[in-house]
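Below: one structure, written as structure tokens.
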Amino acid sequence: MPQISQLAATWASQIFWLVVTFGAVFLIVGRGMLPKVQATIDGRDRSIAGDLAAASAARDAADQAEEQWRQRDLAAREKAQAVVADARQRAARATEEKLAAANAAQSAQVAEGEARIRDAATRAGTEIEAVAAEAAQAIVQRVAGVEVSIDDACGAVKAAVTHG
């Protein structure tokens with residue numbers, strides 16, 4: 001094999017060029033490109049960490065704002081409930097006052113109506129007694145042929161009504 005016999009003659013030059021190539025690659029990549037890539041990665045890591053910190057701070061601020069809103073909402077609800085309760089009490093008092101006034105007016109009207117009925121009943125009783133006395137006077141005159149005075153007839157009607 002001719003390639004194996006040439007190996008000894010070219011071995012030193014291949015090792016030399018291998019070391020030169022790897023050295024050049026190491027210098028170009030290791031000293032030139034790698035720091036730039038590492039700086040980019042570090043910058044990205046710092047940016048992500050900053051974004052996460054900002055997001056955490058924003059979440060904390062949002063939580064605080066929500067808690068403040070809940071407290072204001074609770075205070076507003078309590079105030080509204082107090083206003084509603086006060087309005088209900090005022091309405092109940094106003095209703096009771098109106099109801100009392102209406103009851104008083106109605107009681108006055110009932111008392112007035114009862115007084116008118118008593119007066120009418122008294123007048124009707126008086127008129128009935130007068131008519132009954134006249135009728136009794138006429139009946140006695142027709143049946144017995146005796147003349148009776150109106151006062152005697154009224155007295156007889158009253159006695160008959162009273163003894164019943």
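If you're wondering about the labels, chains in the structure tokens are A, B, ... by order shown, residues count from 1 in each chain, ligands from 1 in order shown.
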Practice problem: Find the residues near Gly155 in chain A: any atom within 12 Å, counting only C-alpha atoms, skip ones fewer than 2 places away on the same chain, and give them as a PyMOL selection string. | Solution: chain A and resi 129-130+132-134+136-137+148-153+157-162
Any chance you can output those residues with N, CA, C and O atoms as a PDB file, in the first residue's frame?
ATOM      1  N   GLU A 129    -143.861  58.794  67.221  1.00  0.00           N
ATOM      2  CA  GLU A 129    -144.760  58.968  68.365  1.00  0.00           C
ATOM      3  C   GLU A 129    -145.875  59.960  68.040  1.00  0.00           C
ATOM      4  O   GLU A 129    -147.039  59.759  68.414  1.00  0.00           O
ATOM      5  N   ALA A 130    -145.535  61.048  67.329  1.00  0.00           N
ATOM      6  CA  ALA A 130    -146.552  62.047  66.968  1.00  0.00           C
ATOM      7  C   ALA A 130    -147.584  61.421  66.034  1.00  0.00           C
ATOM      8  O   ALA A 130    -148.804  61.632  66.207  1.00  0.00           O
ATOM      9  N   ALA A 132    -148.237  58.228  65.716  1.00  0.00           N
ATOM     10  CA  ALA A 132    -148.981  57.202  66.472  1.00  0.00           C
ATOM     11  C   ALA A 132    -150.027  57.852  67.377  1.00  0.00           C
ATOM     12  O   ALA A 132    -151.146  57.332  67.544  1.00  0.00           O
ATOM     13  N   ALA A 133    -149.685  59.016  67.991  1.00  0.00           N
ATOM     14  CA  ALA A 133    -150.640  59.715  68.859  1.00  0.00           C
ATOM     15  C   ALA A 133    -151.830  60.191  68.038  1.00  0.00           C
ATOM     16  O   ALA A 133    -153.003  60.066  68.466  1.00  0.00           O
ATOM     17  N   GLU A 134    -151.545  60.742  66.835  1.00  0.00           N
ATOM     18  CA  GLU A 134    -152.653  61.204  65.976  1.00  0.00           C
ATOM     19  C   GLU A 134    -153.514  60.026  65.532  1.00  0.00           C
ATOM     20  O   GLU A 134    -154.750  60.121  65.498  1.00  0.00           O
ATOM     21  N   ALA A 136    -153.830  57.161  67.151  1.00  0.00           N
ATOM     22  CA  ALA A 136    -154.576  56.666  68.322  1.00  0.00           C
ATOM     23  C   ALA A 136    -155.776  57.565  68.611  1.00  0.00           C
ATOM     24  O   ALA A 136    -156.871  57.091  68.930  1.00  0.00           O
ATOM     25  N   GLN A 137    -155.571  58.898  68.471  1.00  0.00           N
ATOM     26  CA  GLN A 137    -156.651  59.847  68.696  1.00  0.00           C
ATOM     27  C   GLN A 137    -157.775  59.601  67.693  1.00  0.00           C
ATOM     28  O   GLN A 137    -158.968  59.575  68.064  1.00  0.00           O
ATOM     29  N   VAL A 148    -160.381  62.627  72.383  1.00  0.00           N
ATOM     30  CA  VAL A 148    -159.205  62.537  73.266  1.00  0.00           C
ATOM     31  C   VAL A 148    -158.256  63.657  72.858  1.00  0.00           C
ATOM     32  O   VAL A 148    -158.050  63.915  71.671  1.00  0.00           O
ATOM     33  N   SER A 149    -157.671  64.307  73.855  1.00  0.00           N
ATOM     34  CA  SER A 149    -156.736  65.391  73.522  1.00  0.00           C
ATOM     35  C   SER A 149    -155.420  64.798  72.995  1.00  0.00           C
ATOM     36  O   SER A 149    -155.075  63.648  73.261  1.00  0.00           O
ATOM     37  N   ILE A 150    -154.688  65.600  72.255  1.00  0.00           N
ATOM     38  CA  ILE A 150    -153.424  65.143  71.670  1.00  0.00           C
ATOM     39  C   ILE A 150    -152.414  64.817  72.753  1.00  0.00           C
ATOM     40  O   ILE A 150    -151.623  63.896  72.631  1.00  0.00           O
ATOM     41  N   ASP A 151    -152.463  65.584  73.885  1.00  0.00           N
ATOM     42  CA  ASP A 151    -151.526  65.321  74.984  1.00  0.00           C
ATOM     43  C   ASP A 151    -151.811  63.965  75.620  1.00  0.00           C
ATOM     44  O   ASP A 151    -150.875  63.228  75.950  1.00  0.00           O
ATOM     45  N   ASP A 152    -153.102  63.640  75.822  1.00  0.00           N
ATOM     46  CA  ASP A 152    -153.450  62.334  76.391  1.00  0.00           C
ATOM     47  C   ASP A 152    -153.051  61.212  75.447  1.00  0.00           C
ATOM     48  O   ASP A 152    -152.557  60.162  75.875  1.00  0.00           O
ATOM     49  N   ALA A 153    -153.226  61.423  74.135  1.00  0.00           N
ATOM     50  CA  ALA A 153    -152.858  60.391  73.160  1.00  0.00           C
ATOM     51  C   ALA A 153    -151.357  60.200  73.147  1.00  0.00           C
ATOM     52  O   ALA A 153    -150.844  59.072  73.091  1.00  0.00           O
ATOM     53  N   VAL A 157    -149.306  56.755  74.053  1.00  0.00           N
ATOM     54  CA  VAL A 157    -148.349  56.152  73.121  1.00  0.00           C
ATOM     55  C   VAL A 157    -147.006  55.948  73.810  1.00  0.00           C
ATOM     56  O   VAL A 157    -146.362  54.922  73.713  1.00  0.00           O
ATOM     57  N   LYS A 158    -146.547  56.993  74.592  1.00  0.00           N
ATOM     58  CA  LYS A 158    -145.280  56.869  75.301  1.00  0.00           C
ATOM     59  C   LYS A 158    -145.318  55.756  76.313  1.00  0.00           C
ATOM     60  O   LYS A 158    -144.348  55.011  76.502  1.00  0.00           O
ATOM     61  N   ALA A 159    -146.422  55.628  77.015  1.00  0.00           N
ATOM     62  CA  ALA A 159    -146.567  54.567  78.010  1.00  0.00           C
ATOM     63  C   ALA A 159    -146.557  53.198  77.354  1.00  0.00           C
ATOM     64  O   ALA A 159    -145.946  52.260  77.852  1.00  0.00           O
ATOM     65  N   ALA A 160    -147.224  53.108  76.202  1.00  0.00           N
ATOM     66  CA  ALA A 160    -147.256  51.828  75.487  1.00  0.00           C
ATOM     67  C   ALA A 160    -145.866  51.463  74.951  1.00  0.00           C
ATOM     68  O   ALA A 160    -145.447  50.298  75.003  1.00  0.00           O
ATOM     69  N   VAL A 161    -145.117  52.466  74.449  1.00  0.00           N
ATOM     70  CA  VAL A 161    -143.773  52.211  73.914  1.00  0.00           C
ATOM     71  C   VAL A 161    -142.828  51.836  75.062  1.00  0.00           C
ATOM     72  O   VAL A 161    -141.989  50.934  74.946  1.00  0.00           O
ATOM     73  N   THR A 162    -142.946  52.527  76.190  1.00  0.00           N
ATOM     74  CA  THR A 162    -142.046  52.283  77.316  1.00  0.00           C
ATOM     75  C   THR A 162    -142.306  50.914  77.947  1.00  0.00           C
ATOM     76  O   THR A 162    -141.352  50.198  78.265  1.00  0.00           O
TER      77      THR A 162
END
Self-check item: Distance of CA of Gly125 in chain A from CA of Val140 in chain A, expressed in Å to one decimal place
Solution: 21.8 Å
